[in-house]
file data11.pdb (PDB, C-alpha atoms and all ligand atoms)
ATOM      1  CA  MET A   1       6.117 -19.622 -17.142
ATOM      2  CA  GLU A   2       4.616 -16.995 -14.810
ATOM      3  CA  ALA A   3       0.887 -16.343 -15.326
ATOM      4  CA  GLU A   4      -0.109 -12.973 -16.743
ATOM      5  CA  ILE A   5      -1.227 -10.592 -13.971
ATOM      6  CA  GLN A   6      -3.868  -7.936 -14.538
ATOM      7  CA  ILE A   7      -4.687  -5.133 -12.113
ATOM      8  CA  ARG A   8      -8.367  -4.256 -11.804
ATOM      9  CA  LEU A   9     -10.803  -2.475  -9.532
ATOM     10  CA  LEU A  10     -12.606  -4.802  -7.152
ATOM     11  CA  ALA A  11     -16.119  -5.393  -8.506
ATOM     12  CA  GLU A  12     -19.022  -3.964  -6.500
ATOM     13  CA  ASP A  13     -20.406  -7.433  -5.739
ATOM     14  CA  GLU A  14     -16.994  -8.874  -4.837
ATOM     15  CA  ALA A  15     -15.973  -9.278  -1.188
ATOM     16  CA  PRO A  16     -12.847  -7.352  -0.205
ATOM     17  CA  PRO A  17      -9.826  -9.691   0.064
ATOM     18  CA  PHE A  18      -9.493  -9.337   3.843
ATOM     19  CA  ALA A  19      -6.967 -12.161   4.267
ATOM     20  CA  LEU A  20      -4.646 -10.304   1.912
ATOM     21  CA  LEU A  21      -5.332  -6.863   3.383
ATOM     22  CA  HIS A  22      -4.541  -8.237   6.845
ATOM     23  CA  LEU A  23      -0.984  -9.014   5.699
ATOM     24  CA  ALA A  24      -0.423  -5.265   5.678
ATOM     25  CA  ASP A  25      -2.746  -4.218   8.487
ATOM     26  CA  PRO A  26      -3.873  -6.245  11.534
ATOM     27  CA  SER A  27      -6.843  -3.944  12.249
ATOM     28  CA  ARG A  28     -10.128  -4.979  10.627
ATOM     29  CA  THR A  29     -11.683  -1.732  11.875
ATOM     30  CA  LEU A  30      -9.106   0.450  10.153
ATOM     31  CA  ILE A  31      -9.274  -1.636   6.953
ATOM     32  CA  GLU A  32     -13.057  -1.236   6.834
ATOM     33  CA  GLN A  33     -12.751   2.504   7.441
ATOM     34  CA  TYR A  34     -10.388   3.122   4.543
ATOM     35  CA  LEU A  35     -12.196   0.672   2.257
ATOM     36  CA  ALA A  36     -15.306   2.821   2.763
ATOM     37  CA  ARG A  37     -13.398   5.984   1.805
ATOM     38  CA  GLY A  38     -11.369   4.592  -1.078
ATOM     39  CA  GLN A  39     -11.070   2.033  -3.823
ATOM     40  CA  CYS A  40      -9.650  -1.458  -3.657
ATOM     41  CA  TYR A  41      -7.632  -2.789  -6.584
ATOM     42  CA  VAL A  42      -6.580  -6.396  -6.996
ATOM     43  CA  ALA A  43      -3.920  -8.073  -9.089
ATOM     44  CA  ALA A  44      -5.217 -11.357 -10.467
ATOM     45  CA  ASP A  45      -4.150 -13.866 -13.067
ATOM     46  CA  ASP A  46      -6.206 -14.944 -16.092
ATOM     47  CA  ARG A  47      -8.093 -17.481 -13.918
ATOM     48  CA  ASN A  48      -8.992 -14.684 -11.504
ATOM     49  CA  ASP A  49      -6.668 -16.013  -8.825
ATOM     50  CA  VAL A  50      -6.135 -12.883  -6.704
ATOM     51  CA  ARG A  51      -2.481 -12.471  -5.729
ATOM     52  CA  ALA A  52      -2.292  -8.952  -4.393
ATOM     53  CA  ALA A  53      -4.409  -6.008  -3.325
ATOM     54  CA  MET A  54      -4.110  -2.323  -2.612
ATOM     55  CA  VAL A  55      -6.446   0.357  -1.311
ATOM     56  CA  ILE A  56      -6.156   3.916  -2.607
ATOM     57  CA  VAL A  57      -7.891   6.766  -0.777
ATOM     58  CA  PRO A  58      -8.270  10.440  -1.785
ATOM     59  CA  THR A  59      -7.156  12.117   1.434
ATOM     60  CA  ARG A  60      -6.879  15.820   0.625
ATOM     61  CA  PRO A  61      -7.378  17.949  -2.494
ATOM     62  CA  ASP A  62      -4.774  16.781  -5.059
ATOM     63  CA  THR A  63      -3.547  13.957  -2.820
ATOM     64  CA  VAL A  64      -4.156  10.224  -2.810
ATOM     65  CA  GLU A  65      -2.746   7.745  -0.332
ATOM     66  CA  ILE A  66      -1.950   4.079  -0.776
ATOM     67  CA  MET A  67      -3.466   2.893   2.516
ATOM     68  CA  ASN A  68      -2.888  -0.823   2.065
ATOM     69  CA  LEU A  69      -0.587  -2.807  -0.189
ATOM     70  CA  ALA A  70      -0.341  -6.569   0.158
ATOM     71  CA  VAL A  71       1.031  -9.368  -1.994
ATOM     72  CA  ARG A  72       0.161 -12.989  -1.169
ATOM     73  CA  GLU A  73       3.122 -14.568   0.617
ATOM     74  CA  ASP A  74       3.740 -17.182  -2.103
ATOM     75  CA  CYS A  75       3.786 -14.437  -4.749
ATOM     76  CA  GLN A  76       6.128 -11.943  -3.056
ATOM     77  CA  GLY A  77       9.457 -10.942  -4.543
ATOM     78  CA  LYS A  78       8.230 -11.167  -8.148
ATOM     79  CA  GLY A  79       7.655  -7.501  -8.833
ATOM     80  CA  ILE A  80       3.891  -7.453  -8.148
ATOM     81  CA  GLY A  81       4.129  -4.965  -5.277
ATOM     82  CA  LYS A  82       6.169  -2.596  -7.425
ATOM     83  CA  ARG A  83       3.684  -2.946 -10.293
ATOM     84  CA  LEU A  84       0.793  -2.045  -7.994
ATOM     85  CA  ILE A  85       2.609   1.054  -6.773
ATOM     86  CA  GLN A  86       3.380   2.088 -10.346
ATOM     87  CA  TYR A  87      -0.278   1.538 -11.185
ATOM     88  CA  ALA A  88      -1.356   3.737  -8.253
ATOM     89  CA  ILE A  89       0.997   6.469  -9.481
ATOM     90  CA  HIS A  90      -0.478   6.151 -12.988
ATOM     91  CA  LEU A  91      -4.051   6.366 -11.630
ATOM     92  CA  ALA A  92      -3.174   9.385  -9.508
ATOM     93  CA  GLY A  93      -1.812  11.136 -12.608
ATOM     94  CA  GLU A  94      -4.993  10.335 -14.545
ATOM     95  CA  ARG A  95      -7.026  11.903 -11.736
ATOM     96  CA  ASN A  96      -4.852  15.022 -11.821
ATOM     97  CA  ALA A  97      -3.569  14.447  -8.306
ATOM     98  CA  LYS A  98      -0.298  16.158  -7.451
ATOM     99  CA  THR A  99       0.912  13.908  -4.671
ATOM    100  CA  VAL A 100       0.828  10.218  -3.796
ATOM    101  CA  GLU A 101       1.434   9.357  -0.158
ATOM    102  CA  ILE A 102       2.196   6.141   1.679
ATOM    103  CA  GLY A 103       3.088   5.284   5.246
ATOM    104  CA  THR A 104       5.012   2.419   6.742
ATOM    105  CA  GLY A 105       6.218   1.257  10.124
ATOM    106  CA  ASN A 106       9.598   2.122  11.631
ATOM    107  CA  SER A 107      10.254  -1.630  11.626
ATOM    108  CA  SER A 108       9.264  -2.207   7.970
ATOM    109  CA  ILE A 109      12.725  -1.943   6.467
ATOM    110  CA  GLY A 110      11.985  -3.903   3.246
ATOM    111  CA  GLN A 111       8.845  -1.882   2.567
ATOM    112  CA  LEU A 112      10.798   1.347   3.070
ATOM    113  CA  LEU A 113      13.342   0.178   0.487
ATOM    114  CA  LEU A 114      10.560  -0.649  -1.955
ATOM    115  CA  TYR A 115       8.937   2.772  -1.610
ATOM    116  CA  ARG A 116      12.247   4.578  -1.982
ATOM    117  CA  LYS A 117      12.963   2.496  -5.106
ATOM    118  CA  CYS A 118       9.588   3.648  -6.465
ATOM    119  CA  GLY A 119      10.602   7.286  -6.005
ATOM    120  CA  PHE A 120       8.869   8.125  -2.718
ATOM    121  CA  ARG A 121      10.708  10.401  -0.316
ATOM    122  CA  ILE A 122      10.366  10.605   3.438
ATOM    123  CA  THR A 123       8.323  13.614   4.526
ATOM    124  CA  GLY A 124       7.869  12.983   8.207
ATOM    125  CA  ILE A 125       7.332  10.688  11.134
ATOM    126  CA  ASP A 126       3.994  10.201  12.848
ATOM    127  CA  ARG A 127       5.366   9.300  16.255
ATOM    128  CA  ASP A 128       3.564   6.537  18.143
ATOM    129  CA  PHE A 129       0.948   6.149  15.377
ATOM    130  CA  PHE A 130       0.890   2.359  15.769
ATOM    131  CA  VAL A 131       0.752   2.608  19.566
ATOM    132  CA  ARG A 132      -2.244   4.965  19.370
ATOM    133  CA  GLN A 133      -4.145   3.163  16.615
ATOM    134  CA  TYR A 134      -3.626  -0.525  17.433
ATOM    135  CA  GLU A 135      -4.698  -2.280  20.616
ATOM    136  CA  GLU A 136      -1.946  -4.907  20.415
ATOM    137  CA  ALA A 137       1.729  -4.098  20.128
ATOM    138  CA  ILE A 138       3.176  -4.970  16.709
ATOM    139  CA  TYR A 139       6.668  -6.473  16.459
ATOM    140  CA  GLU A 140       8.578  -6.880  13.218
ATOM    141  CA  ASN A 141      12.206  -7.645  12.486
ATOM    142  CA  GLY A 142      12.785  -7.901  16.244
ATOM    143  CA  ILE A 143      11.667  -4.377  17.149
ATOM    144  CA  GLN A 144       8.377  -2.748  18.057
ATOM    145  CA  CYS A 145       6.548  -0.978  15.275
ATOM    146  CA  ARG A 146       5.702   2.341  16.962
ATOM    147  CA  ASP A 147       6.147   5.218  14.532
ATOM    148  CA  MET A 148       4.795   5.652  11.029
ATOM    149  CA  ILE A 149       7.296   6.832   8.449
ATOM    150  CA  ARG A 150       5.401   9.077   6.039
ATOM    151  CA  LEU A 151       6.546   9.181   2.416
ATOM    152  CA  SER A 152       5.302  11.019  -0.620
ATOM    153  CA  LEU A 153       5.876  11.229  -4.333
ATOM    154  CA  ASP A 154       5.365  14.556  -6.046
ATOM    155  CA  LEU A 155       3.921  13.809  -9.483
ATOM    156  CA  GLU A 156       4.864  17.247 -10.787
ATOM    157  CA  LEU A 157       8.525  16.760  -9.937
ATOM    158  CA  GLY A 158       8.593  13.451 -11.804
ATOM    159  CA  LYS A 159       8.522   9.890 -10.569
ATOM    160  CA  THR A 160      12.246   9.307 -10.807
ATOM    161  CA  GLU A 161      13.381  11.989  -8.372
ATOM    162  CA  MET A 162      15.121  10.077  -5.596
TER     163      MET A 162
HETATM  164  N1  LIG B   1      13.390  -6.367   1.576
HETATM  165  C1  LIG B   1      14.190  -5.766   0.672
HETATM  166  N2  LIG B   1      13.744  -5.311  -0.537
HETATM  167  C2  LIG B   1      12.454  -5.481  -0.798
HETATM  168  C3  LIG B   1      11.540  -6.115   0.078
HETATM  169  C4  LIG B   1      12.077  -6.559   1.318
HETATM  170  N3  LIG B   1      11.284  -7.149   2.245
HETATM  171  N4  LIG B   1      10.304  -6.143  -0.491
HETATM  172  C5  LIG B   1      10.454  -5.571  -1.705
HETATM  173  N5  LIG B   1      11.737  -5.167  -1.881
HETATM  174  C6  LIG B   1      12.323  -4.549  -3.063
HETATM  175  C7  LIG B   1      12.712  -5.637  -4.030
HETATM  176  O1  LIG B   1      14.047  -6.026  -3.858
HETATM  177  C8  LIG B   1      12.504  -5.045  -5.379
HETATM  178  O2  LIG B   1      13.624  -4.296  -5.802
HETATM  179  P1  LIG B   1      14.084  -4.267  -7.352
HETATM  180  O3  LIG B   1      12.921  -3.658  -8.111
HETATM  181  O4  LIG B   1      15.296  -3.438  -7.335
HETATM  182  O5  LIG B   1      14.309  -5.701  -7.726
HETATM  183  C9  LIG B   1      11.381  -4.034  -5.148
HETATM  184  O6  LIG B   1      11.340  -3.768  -3.745
HETATM  185  C10 LIG B   1      10.051  -4.565  -5.633
HETATM  186  O7  LIG B   1       9.744  -5.757  -4.965
HETATM  187  P2  LIG B   1       8.445  -6.600  -5.313
HETATM  188  O8  LIG B   1       8.840  -7.955  -5.754
HETATM  189  O9  LIG B   1       7.573  -5.813  -6.211
HETATM  190  O10 LIG B   1       7.773  -6.695  -3.880
HETATM  191  P3  LIG B   1       6.560  -7.657  -3.469
HETATM  192  O11 LIG B   1       5.750  -8.029  -4.636
HETATM  193  O12 LIG B   1       7.076  -8.743  -2.610
HETATM  194  O13 LIG B   1       5.692  -6.665  -2.560
HETATM  195  C11 LIG B   1       5.267  -6.040  -0.271
HETATM  196  C12 LIG B   1       6.274  -6.011  -1.437
HETATM  197  C13 LIG B   1       5.878  -5.261   0.903
HETATM  198  C14 LIG B   1       3.993  -5.335  -0.704
HETATM  199  C15 LIG B   1       4.979  -7.520   0.100
HETATM  200  O14 LIG B   1       6.175  -8.117   0.540
HETATM  201  C16 LIG B   1       3.896  -7.692   1.157
HETATM  202  O15 LIG B   1       2.721  -7.764   0.825
HETATM  203  N6  LIG B   1       4.303  -7.762   2.447
HETATM  204  C17 LIG B   1       3.326  -7.972   3.524
HETATM  205  C18 LIG B   1       2.386  -6.794   3.680
HETATM  206  C19 LIG B   1       3.109  -5.468   3.857
HETATM  207  O16 LIG B   1       4.061  -5.369   4.598
HETATM  208  N7  LIG B   1       2.583  -4.418   3.159
HETATM  209  C20 LIG B   1       3.113  -3.101   3.239
HETATM  210  C21 LIG B   1       2.634  -2.411   4.466
HETATM  211  S1  LIG B   1       3.458  -0.820   4.668
END
call {"tool": "encode", "arguments": {"input": "data11.pdb", "output": "structure tokens", "more": "lines below"}}
Ligand code: COA
result
Amino acid sequence: MEAEIQIRLLAEDEAPPFALLHLADPSRTLIEQYLARGQCYVAADDRNDVRAAMVIVPTRPDTVEIMNLAVREDCQGKGIGKRLIQYAIHLAGERNAKTVEIGTGNSSIGQLLLYRKCGFRITGIDRDFFVRQYEEAIYENGIQCRDMIRLSLDLELGKTEM
């Protein structure tokens, strides 16, 4: 039987789960920057075995962004990523935000599917974001990750609008 997973805010005296966060973002500098501006949530089982993490940052009035979302490789494909996104949407609603944003690479096809399944819609492309922000070229699914696909979910329109 699968262990029960709980999502919780990282405790103040707890080290950020960098190994996990690096699954979604190779830049330690960028991770540290958004950790300082936002809040890190972890999904852990009842023995506090951390399986996934996400960082949520208030970016503009009424807007929060999921800056990092990462599920441990041996725990992927079990619905944890989707649960974290749903949790972020719930938190955003509690904080009276109007919009939840997320960005992903032009090469991150599976992630794009996941976000669309969670109700996010594409709002734009930040061309060459990954070329500007990362020293080393990133390759995924056989192509270079250059552009960031920007997506958002309008909480006032309802989470199910696809
Ligand atoms: N290809 C196709 N579909 C995918 C997918 C993939 N790579 N990853 C998730 N999905 C779909 C699932 O089929 C599932 O659909 P369903 O609800 O209809 O069954 C849905 O998205 C939820 O999947 P889930 O099991 O919750 O995903 P996960 O727990 O594996 O988490 C990631 C997804 C992307 C967060 C996880 O794979 C991960 O941490 N990857 C490495 C880091 C990363 O890329 N982070 C995102 C940076 S933008």
call {"tool": "atom_distance", "arguments": {"input": "data11.pdb", "atom1": "CA of Asp147 (chain A)", "atom2": "CA of Thr123 (chain A)"}}
result
13.2 Å
call {"tool": "closest_residue", "arguments": {"input": "data11.pdb", "among": "A:Thr99, A:Thr104, A:Asn48, A:Asn141", "to": "ligand LIG 1 (chain B)", "atoms": "all atoms listed in the file"}}
result
A:Thr104
call {"tool": "residues_around", "arguments": {"input": "data11.pdb", "residues": "region 83-95 of chain A", "least_positions_apart": "5", "cutoff": "8 Å", "atoms": "all atoms listed in the file", "output": "list in words"}}
result
Ile7, Ala43, Met54, Ile56, Val64, Ile66, Leu69, Val100, Cys118 and Leu155 of chain A
call {"tool": "atom_distance", "arguments": {"input": "data11.pdb", "atom1": "CA of Asn96 (chain A)", "atom2": "CA of Ala53 (chain A)"}}
result
22.7 Å
call {"tool": "atom_distance", "arguments": {"input": "data11.pdb", "atom1": "atom O2 of ligand LIG 1 (chain B)", "atom2": "CA of Gly77 (chain A)"}}
result
7.9 Å
call {"tool": "closest_atom_pairs", "arguments": {"input": "data11.pdb", "of": "chain A", "to": "ligand LIG 1 (chain B)", "cutoff": "10 Å", "atoms": "only C-alpha atoms and all ligand atoms", "output": "Markdown table"}}
result
| residue | atom | partner | partner_atom | distance |
| --- | --- | --- | --- | --- |
| A:Leu20 | CA | B:LIG1 | O15 | 7.9 |
| A:Leu21 | CA | B:LIG1 | C18 | 7.7 |
| A:His22 | CA | B:LIG1 | C18 | 7.8 |
| A:Leu23 | CA | B:LIG1 | C18 | 4.5 |
| A:Ala24 | CA | B:LIG1 | C18 | 3.8 |
| A:Asp25 | CA | B:LIG1 | C21 | 7.0 |
| A:Arg51 | CA | B:LIG1 | O11 | 9.4 |
| A:Ala52 | CA | B:LIG1 | O15 | 7.3 |
| A:Ala53 | CA | B:LIG1 | O15 | 8.4 |
| A:Met54 | CA | B:LIG1 | C14 | 8.9 |
| A:Ile66 | CA | B:LIG1 | S1 | 9.1 |
| A:Met67 | CA | B:LIG1 | S1 | 8.1 |
| A:Asn68 | CA | B:LIG1 | C21 | 6.2 |
| A:Leu69 | CA | B:LIG1 | N7 | 4.9 |
| A:Ala70 | CA | B:LIG1 | O15 | 3.4 |
| A:Val71 | CA | B:LIG1 | O15 | 3.7 |
| A:Arg72 | CA | B:LIG1 | O15 | 6.2 |
| A:Glu73 | CA | B:LIG1 | O15 | 6.8 |
| A:Asp74 | CA | B:LIG1 | O12 | 9.1 |
| A:Cys75 | CA | B:LIG1 | O11 | 6.7 |
| A:Gln76 | CA | B:LIG1 | O12 | 3.4 |
| A:Gly77 | CA | B:LIG1 | O8 | 3.3 |
| A:Lys78 | CA | B:LIG1 | O8 | 4.1 |
| A:Gly79 | CA | B:LIG1 | O9 | 3.1 |
| A:Ile80 | CA | B:LIG1 | O11 | 4.0 |
| A:Gly81 | CA | B:LIG1 | O11 | 3.5 |
| A:Lys82 | CA | B:LIG1 | O9 | 3.7 |
| A:Arg83 | CA | B:LIG1 | O9 | 6.3 |
| A:Leu84 | CA | B:LIG1 | O9 | 8.0 |
| A:Ile85 | CA | B:LIG1 | O9 | 8.5 |
| A:Gln86 | CA | B:LIG1 | O9 | 9.9 |
| A:Ile102 | CA | B:LIG1 | S1 | 7.7 |
| A:Gly103 | CA | B:LIG1 | S1 | 6.1 |
| A:Thr104 | CA | B:LIG1 | S1 | 4.1 |
| A:Gly105 | CA | B:LIG1 | S1 | 6.5 |
| A:Asn106 | CA | B:LIG1 | S1 | 9.7 |
| A:Ser107 | CA | B:LIG1 | S1 | 9.8 |
| A:Ser108 | CA | B:LIG1 | S1 | 6.8 |
| A:Ile109 | CA | B:LIG1 | N1 | 6.6 |
| A:Gly110 | CA | B:LIG1 | C4 | 3.3 |
| A:Gln111 | CA | B:LIG1 | C13 | 4.8 |
| A:Leu112 | CA | B:LIG1 | S1 | 7.8 |
| A:Leu113 | CA | B:LIG1 | N2 | 5.6 |
| A:Leu114 | CA | B:LIG1 | O6 | 3.7 |
| A:Tyr115 | CA | B:LIG1 | O6 | 7.3 |
| A:Arg116 | CA | B:LIG1 | O6 | 8.6 |
| A:Lys117 | CA | B:LIG1 | O6 | 6.6 |
| A:Cys118 | CA | B:LIG1 | C9 | 8.0 |
| A:Glu140 | CA | B:LIG1 | O16 | 9.8 |
| A:Met148 | CA | B:LIG1 | S1 | 9.2 |
| A:Ile149 | CA | B:LIG1 | S1 | 9.4 |
call {"tool": "closest_residue", "arguments": {"input": "data11.pdb", "among": "A:Asp62, A:Glu4, A:Glu32, A:Asp13", "to": "Val50 (chain A)", "atoms": "only C-alpha atoms"}}
result
A:Glu4
call {"tool": "closest_residue", "arguments": {"input": "data11.pdb", "among": "A:Pro17, A:Pro61, A:Pro26, A:Gly38", "to": "Glu136 (chain A)", "atoms": "all atoms listed in the file"}}
result
A:Pro26
call {"tool": "resolve_selection", "arguments": {"input": "data11.pdb", "expression": "the PyMOL selection byres (((chain A and resi 153) around 8) and not hetatm)", "output": "PyMOL selection string"}}
result
chain A and resi 99-101+119-121+151-152+154-155+159
call {"tool": "write_last_selection", "arguments": {"input": "data11.pdb", "atoms": "C-alpha atoms", "output": "short mmCIF file (atom, residue, chain, number, x, y, z; two decimals), in the coordinates of the input"}}
result
data_model
loop_
_atom_site.label_atom_id
_atom_site.label_comp_id
_atom_site.auth_asym_id
_atom_site.auth_seq_id
_atom_site.Cartn_x
_atom_site.Cartn_y
_atom_site.Cartn_z
CA THR A 99 0.91 13.91 -4.67
CA VAL A 100 0.83 10.22 -3.80
CA GLU A 101 1.43 9.36 -0.16
CA GLY A 119 10.60 7.29 -6.00
CA PHE A 120 8.87 8.12 -2.72
CA ARG A 121 10.71 10.40 -0.32
CA LEU A 151 6.55 9.18 2.42
CA SER A 152 5.30 11.02 -0.62
CA ASP A 154 5.36 14.56 -6.05
CA LEU A 155 3.92 13.81 -9.48
CA LYS A 159 8.52 9.89 -10.57
#
call {"tool": "closest_residue", "arguments": {"input": "data11.pdb", "among": "A:Ala44, A:Ala97, A:Ile125, A:Leu30", "to": "Arg60 (chain A)", "atoms": "all atoms listed in the file"}}
result
A:Ala97
call {"tool": "resolve_selection", "arguments": {"input": "data11.pdb", "expression": "the PyMOL selection byres (((chain A and resi 36) around 12) and not hetatm)", "output": "PyMOL selection string"}}
result
chain A and resi 16+29-35+37-40+55-58+67
call {"tool": "axis_aligned_box", "arguments": {"input": "data11.pdb", "around": "region 116-125 of chain A", "padding_each_side": "8 Å", "output": "AutoDock Vina command-line options"}}
result
--center_x 10.1 --center_y 8.1 --center_z 2.3 --size_x 21.6 --size_y 27.1 --size_z 33.6
call {"tool": "closest_residue", "arguments": {"input": "data11.pdb", "among": "A:Ser27, A:Arg47, A:Ala19, A:Arg127", "to": "Gln6 (chain A)", "atoms": "only C-alpha atoms"}}
result
A:Arg47
